[in-house]
>>> print(open('protein-v6.tsv').read())   # TSV, C-alpha atoms and all ligand atoms
chain	number	residue	atom	x	y	z
A	1	MET	CA	4.18	16.60	13.13
A	2	ALA	CA	3.09	12.99	13.38
A	3	LEU	CA	5.45	10.89	11.29
A	4	VAL	CA	5.22	7.31	12.52
A	5	THR	CA	6.85	4.05	11.63
A	6	MET	CA	4.63	1.61	9.83
A	7	ARG	CA	5.42	-0.97	12.50
A	8	GLN	CA	3.81	1.12	15.24
A	9	LEU	CA	0.90	2.07	12.98
A	10	LEU	CA	0.20	-1.60	12.12
A	11	ASP	CA	0.67	-2.82	15.70
A	12	GLU	CA	-1.96	-0.28	16.75
A	13	ALA	CA	-4.23	-1.43	13.92
A	14	ALA	CA	-3.87	-5.03	15.13
A	15	LYS	CA	-4.74	-3.95	18.65
A	16	GLY	CA	-7.80	-2.11	17.36
A	17	GLY	CA	-8.79	-4.86	14.89
A	18	TYR	CA	-8.80	-2.59	11.84
A	19	GLY	CA	-6.95	-2.28	8.51
A	20	VAL	CA	-5.06	0.74	7.14
A	21	GLY	CA	-5.17	1.86	3.51
A	22	ALA	CA	-1.78	2.43	1.87
A	23	PHE	CA	-2.33	4.86	-0.98
A	24	ASN	CA	0.18	5.53	-3.77
A	25	VAL	CA	1.27	9.08	-4.54
A	26	ASN	CA	3.03	10.71	-7.47
A	27	ASN	CA	1.99	14.34	-7.19
A	28	LEU	CA	0.58	17.14	-5.04
A	29	GLU	CA	-3.10	16.50	-5.70
A	30	GLN	CA	-2.87	12.84	-4.65
A	31	VAL	CA	-1.09	13.74	-1.40
A	32	GLN	CA	-3.69	16.43	-0.67
A	33	ALA	CA	-6.65	14.17	-1.47
A	34	ILE	CA	-5.39	11.45	0.87
A	35	MET	CA	-4.61	13.85	3.71
A	36	GLU	CA	-7.93	15.68	3.42
A	37	ALA	CA	-9.73	12.34	3.61
A	38	ALA	CA	-7.60	11.33	6.61
A	39	GLN	CA	-8.39	14.59	8.35
A	40	GLU	CA	-12.12	14.39	7.65
A	41	THR	CA	-12.33	10.81	8.92
A	42	SER	CA	-9.62	11.16	11.58
A	43	SER	CA	-7.64	8.25	10.14
A	44	PRO	CA	-4.02	7.15	10.46
A	45	VAL	CA	-2.62	6.60	6.99
A	46	ILE	CA	0.22	5.12	4.94
A	47	ILE	CA	1.43	7.17	1.99
A	48	GLN	CA	3.56	5.12	-0.38
A	49	ALA	CA	5.73	5.84	-3.39
A	50	SER	CA	6.76	3.33	-6.03
A	51	ARG	CA	10.11	3.51	-7.81
A	52	GLY	CA	8.19	4.93	-10.76
A	53	ALA	CA	6.72	7.65	-8.56
A	54	ARG	CA	10.15	8.61	-7.23
A	55	LYS	CA	11.44	8.86	-10.78
A	56	TYR	CA	8.40	10.77	-12.05
A	57	ALA	CA	8.31	13.40	-9.32
A	58	ASN	CA	12.02	13.41	-8.36
A	59	ASP	CA	13.01	12.10	-4.92
A	60	ARG	CA	13.35	15.47	-3.23
A	61	PHE	CA	10.08	16.86	-4.57
A	62	LEU	CA	8.19	13.73	-3.59
A	63	TYR	CA	9.74	13.45	-0.14
A	64	HIS	CA	8.99	17.09	0.67
A	65	LEU	CA	5.40	16.70	-0.54
A	66	MET	CA	5.01	13.77	1.83
A	67	LEU	CA	6.71	15.65	4.63
A	68	ALA	CA	4.39	18.60	4.04
A	69	ALA	CA	1.49	16.21	4.54
A	70	ALA	CA	2.76	15.35	8.02
A	71	GLU	CA	3.45	19.03	8.79
A	72	VAL	CA	0.10	20.38	7.63
A	73	TYR	CA	-1.85	17.64	9.43
A	74	PRO	CA	-0.08	17.25	12.80
A	75	ASP	CA	-2.98	15.28	14.29
A	76	ILE	CA	-2.78	12.51	11.69
A	77	SER	CA	-0.33	9.64	12.07
A	78	VAL	CA	1.43	9.21	8.72
A	79	ALA	CA	3.89	6.51	7.68
A	80	LEU	CA	6.02	7.17	4.58
A	81	HIS	CA	6.59	3.92	2.72
A	82	GLN	CA	8.65	2.72	-0.26
A	83	ASP	CA	6.34	0.53	-2.36
A	84	HIS	CA	7.89	-2.48	-4.17
A	85	GLY	CA	11.58	-1.86	-3.54
A	86	ASN	CA	13.38	-4.02	-6.13
A	87	GLY	CA	16.61	-4.44	-4.21
A	88	PRO	CA	18.58	-3.34	-1.14
A	89	ASP	CA	19.86	-0.22	-2.95
A	90	THR	CA	16.36	1.13	-3.56
A	91	CYS	CA	15.44	0.49	0.07
A	92	ARG	CA	18.67	2.10	1.30
A	93	SER	CA	18.07	5.25	-0.73
A	94	ALA	CA	14.47	5.45	0.56
A	95	ILE	CA	15.73	5.18	4.14
A	96	GLU	CA	18.37	7.84	3.49
A	97	LEU	CA	15.66	10.05	2.03
A	98	GLY	CA	13.63	9.74	5.26
A	99	PHE	CA	10.98	7.10	4.60
A	100	THR	CA	9.85	5.38	7.81
A	101	SER	CA	9.12	2.08	6.08
A	102	VAL	CA	10.29	0.10	3.05
A	103	MET	CA	9.05	-2.86	1.07
A	104	MET	CA	11.72	-5.25	-0.16
A	105	ASP	CA	9.89	-7.15	-2.88
A	106	GLY	CA	12.21	-10.11	-3.28
A	107	SER	CA	9.47	-12.23	-4.83
A	108	LEU	CA	10.79	-10.79	-8.09
A	109	LYS	CA	14.35	-10.30	-9.29
A	110	GLU	CA	15.82	-6.81	-9.52
A	111	ASP	CA	14.13	-6.23	-12.91
A	112	GLY	CA	10.80	-6.26	-11.06
A	113	LYS	CA	9.45	-8.82	-13.53
A	114	THR	CA	11.15	-12.21	-13.23
A	115	PRO	CA	9.92	-14.41	-10.36
A	116	ALA	CA	12.79	-15.06	-7.93
A	117	ASP	CA	13.43	-18.24	-5.95
A	118	PHE	CA	12.80	-18.57	-2.21
A	119	GLU	CA	16.46	-18.46	-1.16
A	120	TYR	CA	17.09	-15.26	-3.14
A	121	ASN	CA	14.01	-13.70	-1.56
A	122	VAL	CA	15.12	-14.66	1.98
A	123	GLN	CA	18.64	-13.36	1.39
A	124	VAL	CA	17.76	-9.89	0.00
A	125	THR	CA	14.90	-9.39	2.45
A	126	ARG	CA	17.08	-10.35	5.42
A	127	GLU	CA	19.74	-7.89	4.22
A	128	VAL	CA	17.17	-5.08	4.13
A	129	VAL	CA	15.74	-6.02	7.55
A	130	GLU	CA	19.22	-5.77	9.13
A	131	MET	CA	19.87	-2.39	7.52
A	132	ALA	CA	16.39	-0.95	8.21
A	133	HIS	CA	15.85	-2.13	11.78
A	134	GLU	CA	19.22	-0.69	12.77
A	135	ARG	CA	17.65	2.67	11.92
A	136	GLY	CA	14.19	1.90	13.37
A	137	VAL	CA	12.63	1.61	9.91
A	138	THR	CA	9.86	-0.95	9.22
A	139	VAL	CA	10.19	-3.67	6.54
A	140	GLU	CA	7.50	-5.32	4.42
A	141	GLY	CA	8.45	-8.46	2.47
A	142	GLU	CA	6.52	-10.37	-0.17
A	143	LEU	CA	6.14	-14.09	-0.67
A	144	GLY	CA	4.40	-15.44	-3.75
A	145	THR	CA	3.89	-13.33	-6.85
A	146	LEU	CA	0.94	-11.18	-7.83
A	147	GLY	CA	-0.79	-11.67	-11.14
A	148	GLY	CA	-4.20	-13.24	-11.26
A	149	ILE	CA	-4.97	-16.87	-11.84
A	150	GLU	CA	-7.26	-15.69	-14.61
A	151	ASP	CA	-5.12	-13.23	-16.51
A	152	GLY	CA	-2.36	-15.60	-17.56
A	153	VAL	CA	0.37	-13.77	-15.64
A	154	GLY	CA	2.59	-16.22	-13.79
A	155	SER	CA	1.52	-19.80	-13.51
A	156	GLY	CA	-1.54	-19.76	-11.30
A	157	GLU	CA	-1.52	-21.88	-8.15
A	158	VAL	CA	2.27	-22.06	-7.77
A	159	ASN	CA	2.52	-18.28	-7.44
A	160	LEU	CA	0.12	-18.09	-4.53
A	161	THR	CA	1.73	-17.83	-1.10
A	162	ASP	CA	2.35	-21.16	0.58
A	163	PRO	CA	1.37	-20.81	4.27
A	164	ASP	CA	4.12	-23.16	5.54
A	165	GLN	CA	6.75	-21.34	3.54
A	166	ALA	CA	5.40	-18.06	4.95
A	167	VAL	CA	6.31	-19.24	8.46
A	168	GLU	CA	9.87	-20.07	7.38
A	169	PHE	CA	10.13	-16.76	5.50
A	170	VAL	CA	9.09	-14.64	8.47
A	171	GLU	CA	11.35	-16.57	10.86
A	172	ARG	CA	14.39	-16.31	8.61
A	173	THR	CA	13.95	-12.68	7.52
A	174	GLY	CA	12.44	-10.93	10.56
A	175	VAL	CA	10.05	-8.82	8.46
A	176	ASP	CA	7.44	-6.70	10.22
A	177	ALA	CA	4.78	-7.19	7.55
A	178	LEU	CA	4.21	-9.78	4.86
A	179	ALA	CA	2.56	-9.21	1.49
A	180	VAL	CA	0.74	-12.34	0.39
A	181	ALA	CA	-0.32	-13.45	-3.08
A	182	ILE	CA	-3.93	-14.60	-3.12
A	183	GLY	CA	-4.83	-14.12	-6.79
A	184	THR	CA	-5.01	-10.34	-7.07
A	185	SER	CA	-3.01	-8.31	-9.56
A	186	HIS	CA	-2.11	-4.66	-9.96
A	187	GLY	CA	-4.10	-2.36	-12.22
A	188	ALA	CA	-7.70	-2.17	-13.42
A	189	TYR	CA	-8.01	-5.59	-15.06
A	190	LYS	CA	-8.02	-8.07	-12.20
A	191	PHE	CA	-11.01	-10.34	-12.83
A	192	THR	CA	-13.40	-10.90	-15.71
A	193	SER	CA	-16.36	-11.48	-13.37
A	194	GLU	CA	-17.16	-10.89	-9.71
A	195	PRO	CA	-14.38	-12.95	-8.03
A	196	ASP	CA	-15.42	-16.03	-6.10
A	197	ARG	CA	-13.23	-18.05	-3.73
A	198	ASP	CA	-11.72	-20.01	-6.64
A	199	VAL	CA	-9.97	-16.96	-8.04
A	200	LEU	CA	-9.58	-14.88	-4.89
A	201	ALA	CA	-8.00	-17.27	-2.41
A	202	MET	CA	-9.03	-15.66	0.89
A	203	ASN	CA	-8.48	-19.04	2.59
A	204	ILE	CA	-4.72	-18.50	2.21
A	205	ILE	CA	-4.97	-15.43	4.41
A	206	GLU	CA	-6.81	-17.41	7.06
A	207	GLU	CA	-4.21	-20.19	6.92
A	208	ILE	CA	-1.26	-17.80	7.20
A	209	ASN	CA	-2.95	-15.89	10.01
A	210	LYS	CA	-3.43	-19.15	11.96
A	211	ARG	CA	0.28	-19.97	11.63
A	212	LEU	CA	1.56	-16.38	12.08
A	213	PRO	CA	-0.98	-14.61	14.30
A	214	THR	CA	1.33	-11.69	15.11
A	215	THR	CA	2.59	-10.97	11.57
A	216	HIS	CA	0.89	-8.06	9.85
A	217	LEU	CA	-0.46	-9.21	6.49
A	218	VAL	CA	-0.58	-6.97	3.43
A	219	MET	CA	-2.96	-7.18	0.50
A	220	HIS	CA	-1.58	-5.73	-2.75
A	221	GLY	CA	-3.71	-5.12	-5.81
A	222	SER	CA	-6.65	-4.20	-3.58
A	223	SER	CA	-8.45	-1.67	-5.72
A	224	SER	CA	-12.13	-2.46	-6.04
A	225	VAL	CA	-12.46	-0.91	-9.53
A	226	PRO	CA	-15.97	0.46	-8.83
A	227	LYS	CA	-18.27	0.29	-11.84
A	228	GLU	CA	-19.37	3.90	-11.44
A	229	LEU	CA	-15.79	5.15	-11.79
A	230	VAL	CA	-15.26	3.06	-14.94
A	231	ASP	CA	-18.63	4.23	-16.30
A	232	THR	CA	-17.74	7.91	-15.84
A	233	ILE	CA	-14.48	7.44	-17.74
A	234	ASN	CA	-16.27	5.64	-20.58
A	235	GLN	CA	-19.16	8.12	-20.63
A	236	TYR	CA	-16.68	10.89	-21.39
A	237	GLY	CA	-14.75	9.16	-24.15
A	238	GLY	CA	-12.55	6.69	-22.25
A	239	GLU	CA	-12.09	3.07	-23.21
A	240	ILE	CA	-11.93	0.88	-20.13
A	241	ARG	CA	-13.02	-2.68	-20.85
A	242	PRO	CA	-15.51	-4.42	-18.55
A	243	THR	CA	-13.60	-5.52	-15.46
A	244	PHE	CA	-13.88	-6.43	-11.78
A	245	GLY	CA	-11.69	-5.59	-8.80
A	246	VAL	CA	-11.44	-6.85	-5.23
A	247	PRO	CA	-14.80	-6.40	-3.45
A	248	VAL	CA	-14.52	-4.27	-0.31
A	249	ARG	CA	-16.34	-6.99	1.69
A	250	GLU	CA	-13.54	-9.46	0.85
A	251	ILE	CA	-10.96	-6.98	2.12
A	252	GLN	CA	-13.02	-6.67	5.29
A	253	GLU	CA	-12.90	-10.47	5.62
A	254	GLY	CA	-9.14	-10.28	5.26
A	255	ILE	CA	-8.96	-7.63	7.98
A	256	LYS	CA	-10.73	-10.08	10.32
A	257	HIS	CA	-7.85	-12.48	9.62
A	258	GLY	CA	-4.74	-10.36	10.12
A	259	VAL	CA	-4.68	-8.08	7.05
A	260	ARG	CA	-3.49	-4.71	8.36
A	261	LYS	CA	-2.20	-2.91	5.25
A	262	VAL	CA	-4.35	-2.60	2.14
A	263	ASN	CA	-2.68	-1.23	-1.02
A	264	VAL	CA	-4.85	0.95	-3.23
A	265	ASP	CA	-3.62	2.92	-6.23
A	266	THR	CA	-5.79	2.15	-9.28
A	267	ASP	CA	-9.07	3.36	-7.73
A	268	LEU	CA	-7.58	6.84	-7.25
A	269	ARG	CA	-6.27	6.83	-10.83
A	270	LEU	CA	-9.73	5.91	-12.12
A	271	ALA	CA	-11.44	8.58	-10.00
A	272	ALA	CA	-9.05	11.29	-11.18
A	273	THR	CA	-9.26	10.30	-14.83
A	274	GLY	CA	-13.08	10.27	-14.82
A	275	ALA	CA	-13.25	13.70	-13.17
A	276	ILE	CA	-10.74	15.19	-15.61
A	277	ARG	CA	-12.49	13.70	-18.66
A	278	LYS	CA	-15.82	15.08	-17.40
A	279	ALA	CA	-14.32	18.54	-16.80
A	280	PHE	CA	-12.77	18.60	-20.29
A	281	ALA	CA	-16.05	17.54	-21.89
A	282	GLU	CA	-18.16	20.04	-19.99
A	283	GLU	CA	-16.01	23.12	-20.58
A	284	PRO	CA	-13.84	22.56	-23.66
A	285	GLY	CA	-12.80	26.23	-23.57
A	286	GLU	CA	-11.17	25.97	-20.11
A	287	PHE	CA	-7.40	25.72	-19.95
A	288	ASP	CA	-6.53	26.54	-16.33
A	289	PRO	CA	-5.19	23.24	-14.84
A	290	ARG	CA	-6.89	24.09	-11.55
A	291	TYR	CA	-10.23	23.79	-13.33
A	292	TYR	CA	-9.76	20.06	-13.87
A	293	LEU	CA	-7.33	19.17	-11.06
A	294	LYS	CA	-9.73	20.38	-8.38
A	295	PRO	CA	-12.52	17.92	-9.29
A	296	ALA	CA	-9.87	15.23	-9.75
A	297	ARG	CA	-8.61	15.84	-6.22
A	298	GLU	CA	-12.16	15.82	-4.87
A	299	ALA	CA	-12.98	12.53	-6.64
A	300	MET	CA	-9.84	10.88	-5.22
A	301	LYS	CA	-10.71	12.16	-1.76
A	302	GLN	CA	-14.14	10.55	-1.93
A	303	VAL	CA	-12.60	7.17	-2.81
A	304	VAL	CA	-10.05	7.42	0.00
A	305	ARG	CA	-12.72	8.46	2.52
A	306	ALA	CA	-14.89	5.49	1.59
A	307	ARG	CA	-11.96	3.07	1.96
A	308	MET	CA	-10.88	4.54	5.30
A	309	GLU	CA	-14.37	4.05	6.65
A	310	ALA	CA	-14.66	0.53	5.22
A	311	PHE	CA	-11.25	-0.61	6.50
A	312	GLY	CA	-12.05	0.64	10.02
A	313	GLN	CA	-9.12	3.05	10.39
A	314	ALA	CA	-11.49	6.05	10.65
A	315	GLY	CA	-11.47	7.57	14.13
A	316	HIS	CA	-8.05	6.16	15.08
A	317	ALA	CA	-5.73	8.99	13.92
A	318	ALA	CA	-4.75	10.27	17.31
A	319	ASP	CA	-4.95	7.13	19.44
A	320	TYR	CA	-1.24	7.13	20.19
A	321	GLU	CA	1.99	9.14	20.41
A	322	PRO	CA	4.49	8.39	17.63
A	323	ILE	CA	7.58	6.48	18.71
A	324	SER	CA	10.74	7.96	17.17
A	325	LEU	CA	12.97	6.07	14.75
A	326	GLU	CA	15.76	6.16	17.35
A	327	GLU	CA	13.53	4.58	19.98
A	328	MET	CA	12.32	1.96	17.48
A	329	ALA	CA	15.95	1.16	16.63
A	330	ASN	CA	16.64	0.65	20.35
A	331	ARG	CA	13.69	-1.67	20.69
A	332	TYR	CA	14.75	-3.82	17.72
A	333	LYS	CA	18.22	-4.01	19.27
A	334	GLN	CA	16.88	-5.09	22.64
A	335	GLN	CA	13.94	-7.29	21.64
A	336	GLY	CA	15.05	-8.60	18.24
A	337	HIS	CA	13.22	-8.33	14.93
A	338	GLN	CA	9.93	-9.81	16.13
A	339	LEU	CA	9.21	-7.26	18.80
A	340	THR	CA	5.94	-6.07	20.24
A	341	VAL	CA	5.59	-2.32	20.01
A	342	THR	CA	2.35	-1.76	21.89
A	401	LIG	O1	2.79	-1.37	-7.56
A	401	LIG	C1	1.94	-0.81	-8.20
A	401	LIG	C2	1.49	0.56	-7.90
A	401	LIG	O2	0.20	0.73	-8.40
A	401	LIG	C3	2.47	1.60	-8.41
A	401	LIG	O3	2.44	1.64	-9.78
A	401	LIG	O4	4.82	1.49	-10.57
A	401	LIG	O5	3.02	2.55	-11.99
A	401	LIG	O6	3.88	3.71	-9.95
A	401	LIG	P1	3.61	2.39	-10.63
A	402	LIG	P1	-4.07	-1.59	-7.26
A	402	LIG	O1	-3.52	-1.54	-8.64
A	402	LIG	O2	-5.13	-2.67	-7.14
A	402	LIG	O3	-4.56	-0.29	-6.78
A	402	LIG	O4	-2.89	-2.07	-6.29
A	402	LIG	C1	-1.92	-1.16	-5.82
A	402	LIG	C2	-0.76	-1.82	-5.16
A	402	LIG	O5	-0.77	-2.99	-4.80
A	402	LIG	C3	0.44	-0.99	-4.94
A	402	LIG	O6	1.53	-1.71	-4.42
A	403	ZN	ZN	1.68	-3.73	-5.01
>>> encode(input="protein-v6.tsv", output="structure tokens")
Amino acid sequence: MALVTMRQLLDEAAKGGYGVGAFNVNNLEQVQAIMEAAQETSSPVIIQASRGARKYANDRFLYHLMLAAAEVYPDISVALHQDHGNGPDTCRSAIELGFTSVMMDGSLKEDGKTPADFEYNVQVTREVVEMAHERGVTVEGELGTLGGIEDGVGSGEVNLTDPDQAVEFVERTGVDALAVAIGTSHGAYKFTSEPDRDVLAMNIIEEINKRLPTTHLVMHGSSSVPKELVDTINQYGGEIRPTFGVPVREIQEGIKHGVRKVNVDTDLRLAATGAIRKAFAEEPGEFDPRYYLKPAREAMKQVVRARMEAFGQAGHAADYEPISLEEMANRYKQQGHQLTVT
């Protein structure tokens, strides 16, 4: 079984100059699609669960699904990650459940909606770092809030990550990875036209990477919202408005400048929905869930495969032996929060 900490997985990615997709899961078919794609492309992978996913599937069901992924695919390095933890309690329960990595998203208050101030963010993130590193668990923090410049969420420029503040944040919290706000948002409706550098601020990534060359950067809201997936949904009765996501070539630019974790959820949702709509339309008499879940799983796998190849993680699944949580805890104790794993 190859459960790894996200810290080791991202340190290896930095060494190899590639990015790693972090894909959200809520159910069996998503876990299977991601692992099949990882196996076929020989990719290390991050499987992540939001608070909503934990509630939907139930903690124990979800954790055992993720654990089964690591058991069934022993040659694939898998990190189990809490996506958007809204407070130390959520992160603590994820660690107790067995996740090898947690995100403390202190850019927002505990309600997950209200932007929080810098000092609050530093304080809650630092608390989670102390608790997690003691157990060898990796921590991702977030500075700046998501929500596009275009879509009216937040207040534009002021929500983007300030590179100087990023340095202070990493120094004061000791996070292993930092999610940065560069103008992307979650979901399918990110941009109303192909994003240029005015709405997708890739220069912020370059600036942060110059100041923090050893901090692993994370891009949230990184679905590309491919037109063909939207078209399939609409062709079979869906109603997705015209929209644009984050072009894969921009993510590849980010990877050249320190982006190591790339969060993708929406593209899998679109792929599954299109496949299910198509299956329903083609055989309205079918009622066996396997009839429509199988093509949904296959469509998600194709998306994940394509991203794994584009991000460069393909071929790197078995480059290294996993370091245990106990050993990671020892290393944090000896070397401090900003350690070098490999
Ligand atoms: O953070 C956003 C992810 O896409 C998870 O979404 O909270 O609906 O599970 P969710
Ligand atoms: P997308 O909605 O663009 O897939 O982003 C997912 C994400 O950032 C999860 O944390
Ligand atoms: Zn996110």
>>> residues_near_ligand(input="protein-v6.tsv", ligand="ligand ZN 403 (chain A)", cutoff="7 Å", atoms="only C-alpha atoms and all ligand atoms", output="number ranges by chain")
A: 83-84, 186, 220-221, 263
>>> write_last_selection(input="protein-v6.tsv", atoms="C-alpha atoms", output="PDB file, in the frame of the given file")
ATOM      1  CA  ASP A  83       6.340   0.530  -2.360  1.00  0.00           C
ATOM      2  CA  HIS A  84       7.890  -2.480  -4.170  1.00  0.00           C
ATOM      3  CA  HIS A 186      -2.110  -4.660  -9.960  1.00  0.00           C
ATOM      4  CA  HIS A 220      -1.580  -5.730  -2.750  1.00  0.00           C
ATOM      5  CA  GLY A 221      -3.710  -5.120  -5.810  1.00  0.00           C
ATOM      6  CA  ASN A 263      -2.680  -1.230  -1.020  1.00  0.00           C
TER       7      ASN A 263
END
>>> closest_residue(input="protein-v6.tsv", among="A:Asn24, A:Gln313, A:Thr215, A:Asn58", to="ligand LIG 401 (chain A)", atoms="all atoms listed in the file")
A:Asn24
>>> closest_residue(input="protein-v6.tsv", among="A:Pro226, A:Pro163, A:Pro213, A:Gly19", to="ligand LIG 402 (chain A)", atoms="only C-alpha atoms and all ligand atoms")
A:Pro226
>>> atom_distance(input="protein-v6.tsv", atom1="CA of Ala188 in chain A", atom2="CA of Glu250 in chain A")
17.1 Å
>>> residues_near_ligand(input="protein-v6.tsv", ligand="ligand LIG 401 (chain A)", cutoff="12 Å", atoms="all atoms listed in the file", output="ChimeraX atom specification")
/A:22-27,47-57,82-86,103,105,112-113,146-147,179,184-188,219-223,262-270
>>> residues_around(input="protein-v6.tsv", residues="Met104 in chain A", least_positions_apart="5", cutoff="10 Å", atoms="only C-alpha atoms", output="ChimeraX atom specification")
/A:82-91,121,124-129,139-142,175
>>> write_last_selection(input="protein-v6.tsv", atoms="C-alpha atoms", output="compact mmCIF listing (two decimals), in the frame of the given file")
# COMPACT_ATOMS: atom_id res chain seq x y z
CA GLN A 82 8.65 2.72 -0.26
CA ASP A 83 6.34 0.53 -2.36
CA HIS A 84 7.89 -2.48 -4.17
CA GLY A 85 11.58 -1.86 -3.54
CA ASN A 86 13.38 -4.02 -6.13
CA GLY A 87 16.61 -4.44 -4.21
CA PRO A 88 18.58 -3.34 -1.14
CA ASP A 89 19.86 -0.22 -2.95
CA THR A 90 16.36 1.13 -3.56
CA CYS A 91 15.44 0.49 0.07
CA ASN A 121 14.01 -13.70 -1.56
CA VAL A 124 17.76 -9.89 0.00
CA THR A 125 14.90 -9.39 2.45
CA ARG A 126 17.08 -10.35 5.42
CA GLU A 127 19.74 -7.89 4.22
CA VAL A 128 17.17 -5.08 4.13
CA VAL A 129 15.74 -6.02 7.55
CA VAL A 139 10.19 -3.67 6.54
CA GLU A 140 7.50 -5.32 4.42
CA GLY A 141 8.45 -8.46 2.47
CA GLU A 142 6.52 -10.37 -0.17
CA VAL A 175 10.05 -8.82 8.46
>>> residues_near_point(input="protein-v6.tsv", point="(14.4, -4.1, 11.1)", cutoff="6 Å", atoms="all atoms listed in the file", output="ChimeraX atom specification")
/A:129-130,132-133,138,337
>>> write_last_selection(input="protein-v6.tsv", atoms="C-alpha atoms", output="compact mmCIF listing (two decimals), keeping the file's coordinate frame")
# COMPACT_ATOMS: atom_id res chain seq x y z
CA VAL A 129 15.74 -6.02 7.55
CA GLU A 130 19.22 -5.77 9.13
CA ALA A 132 16.39 -0.95 8.21
CA HIS A 133 15.85 -2.13 11.78
CA THR A 138 9.86 -0.95 9.22
CA HIS A 337 13.22 -8.33 14.93
>>> axis_aligned_box(input="protein-v6.tsv", around="ligand LIG 402 (chain A)", padding_each_side="3 Å", output="lines of an AutoDock Vina configuration file")
center_x = -1.8
center_y = -1.6
center_z = -6.5
size_x = 12.7
size_y = 8.7
size_z = 10.2
>>> closest_residue(input="protein-v6.tsv", among="A:Thr192, A:Ser224, A:Thr161, A:Ser42", to="ligand LIG 402 (chain A)", atoms="only C-alpha atoms and all ligand atoms")
A:Ser224
>>> residues_near_point(input="protein-v6.tsv", point="(-11.0, 2.2, -19.0)", cutoff="12 Å", atoms="all atoms listed in the file", output="short mmCIF file (atom, residue, chain, number, x, y, z; two decimals) with C-alpha atoms, keeping the file's coordinate frame")
data_model
loop_
_atom_site.label_atom_id
_atom_site.label_comp_id
_atom_site.auth_asym_id
_atom_site.auth_seq_id
_atom_site.Cartn_x
_atom_site.Cartn_y
_atom_site.Cartn_z
CA GLY A 187 -4.10 -2.36 -12.22
CA ALA A 188 -7.70 -2.17 -13.42
CA TYR A 189 -8.01 -5.59 -15.06
CA VAL A 225 -12.46 -0.91 -9.53
CA PRO A 226 -15.97 0.46 -8.83
CA LYS A 227 -18.27 0.29 -11.84
CA GLU A 228 -19.37 3.90 -11.44
CA LEU A 229 -15.79 5.15 -11.79
CA VAL A 230 -15.26 3.06 -14.94
CA ASP A 231 -18.63 4.23 -16.30
CA THR A 232 -17.74 7.91 -15.84
CA ILE A 233 -14.48 7.44 -17.74
CA ASN A 234 -16.27 5.64 -20.58
CA GLN A 235 -19.16 8.12 -20.63
CA TYR A 236 -16.68 10.89 -21.39
CA GLY A 237 -14.75 9.16 -24.15
CA GLY A 238 -12.55 6.69 -22.25
CA GLU A 239 -12.09 3.07 -23.21
CA ILE A 240 -11.93 0.88 -20.13
CA ARG A 241 -13.02 -2.68 -20.85
CA PRO A 242 -15.51 -4.42 -18.55
CA THR A 243 -13.60 -5.52 -15.46
CA PHE A 244 -13.88 -6.43 -11.78
CA THR A 266 -5.79 2.15 -9.28
CA ASP A 267 -9.07 3.36 -7.73
CA ARG A 269 -6.27 6.83 -10.83
CA LEU A 270 -9.73 5.91 -12.12
CA ALA A 271 -11.44 8.58 -10.00
CA THR A 273 -9.26 10.30 -14.83
CA GLY A 274 -13.08 10.27 -14.82
CA ARG A 277 -12.49 13.70 -18.66
#
>>> closest_residue(input="protein-v6.tsv", among="A:Ile46, A:Val122, A:Ile208, A:Met131", to="ligand LIG 402 (chain A)", atoms="all atoms listed in the file")
A:Ile46
>>> atom_distance(input="protein-v6.tsv", atom1="CA of Lys261 in chain A", atom2="CA of Val303 in chain A")
16.6 Å
>>> closest_residue(input="protein-v6.tsv", among="A:Gly136, A:Pro284, A:Gln335, A:Gly21", to="ligand LIG 402 (chain A)", atoms="only C-alpha atoms and all ligand atoms")
A:Gly21
>>> closest_residue(input="protein-v6.tsv", among="A:Gly183, A:Gly98, A:Gly245, A:Pro115", to="ligand LIG 402 (chain A)", atoms="only C-alpha atoms and all ligand atoms")
A:Gly245
>>> atom_distance(input="protein-v6.tsv", atom1="CA of Arg135 in chain A", atom2="CA of Ser324 in chain A")
10.2 Å
>>> residues_around(input="protein-v6.tsv", residues="range 194-204 of chain A", least_positions_apart="3", cutoff="10 Å", atoms="all atoms listed in the file", output="PyMOL selection string")
chain A and resi 148-150+156-157+160-163+180-184+190-191+207-210+243-247+250-251+253-254+257
>>> build_atoms(input="protein-v6.tsv", residues="range 232-236 of chain A", atoms="N, CA, C and O atoms", output="short mmCIF file (atom, residue, chain, number, x, y, z; two decimals), keeping the file's coordinate frame")
data_model
loop_
_atom_site.label_atom_id
_atom_site.label_comp_id
_atom_site.auth_asym_id
_atom_site.auth_seq_id
_atom_site.Cartn_x
_atom_site.Cartn_y
_atom_site.Cartn_z
N THR A 232 -17.97 6.47 -15.60
CA THR A 232 -17.74 7.91 -15.84
C THR A 232 -16.64 8.09 -16.89
O THR A 232 -16.78 8.90 -17.81
N ILE A 233 -15.57 7.33 -16.75
CA ILE A 233 -14.48 7.44 -17.74
C ILE A 233 -15.02 7.15 -19.14
O ILE A 233 -14.79 7.90 -20.10
N ASN A 234 -15.77 6.05 -19.26
CA ASN A 234 -16.27 5.64 -20.58
C ASN A 234 -17.33 6.61 -21.12
O ASN A 234 -17.39 6.87 -22.33
N GLN A 235 -18.14 7.15 -20.21
CA GLN A 235 -19.16 8.12 -20.63
C GLN A 235 -18.54 9.35 -21.29
O GLN A 235 -19.12 9.95 -22.19
N TYR A 236 -17.33 9.69 -20.85
CA TYR A 236 -16.68 10.89 -21.39
C TYR A 236 -15.52 10.54 -22.32
O TYR A 236 -14.48 11.20 -22.34
#
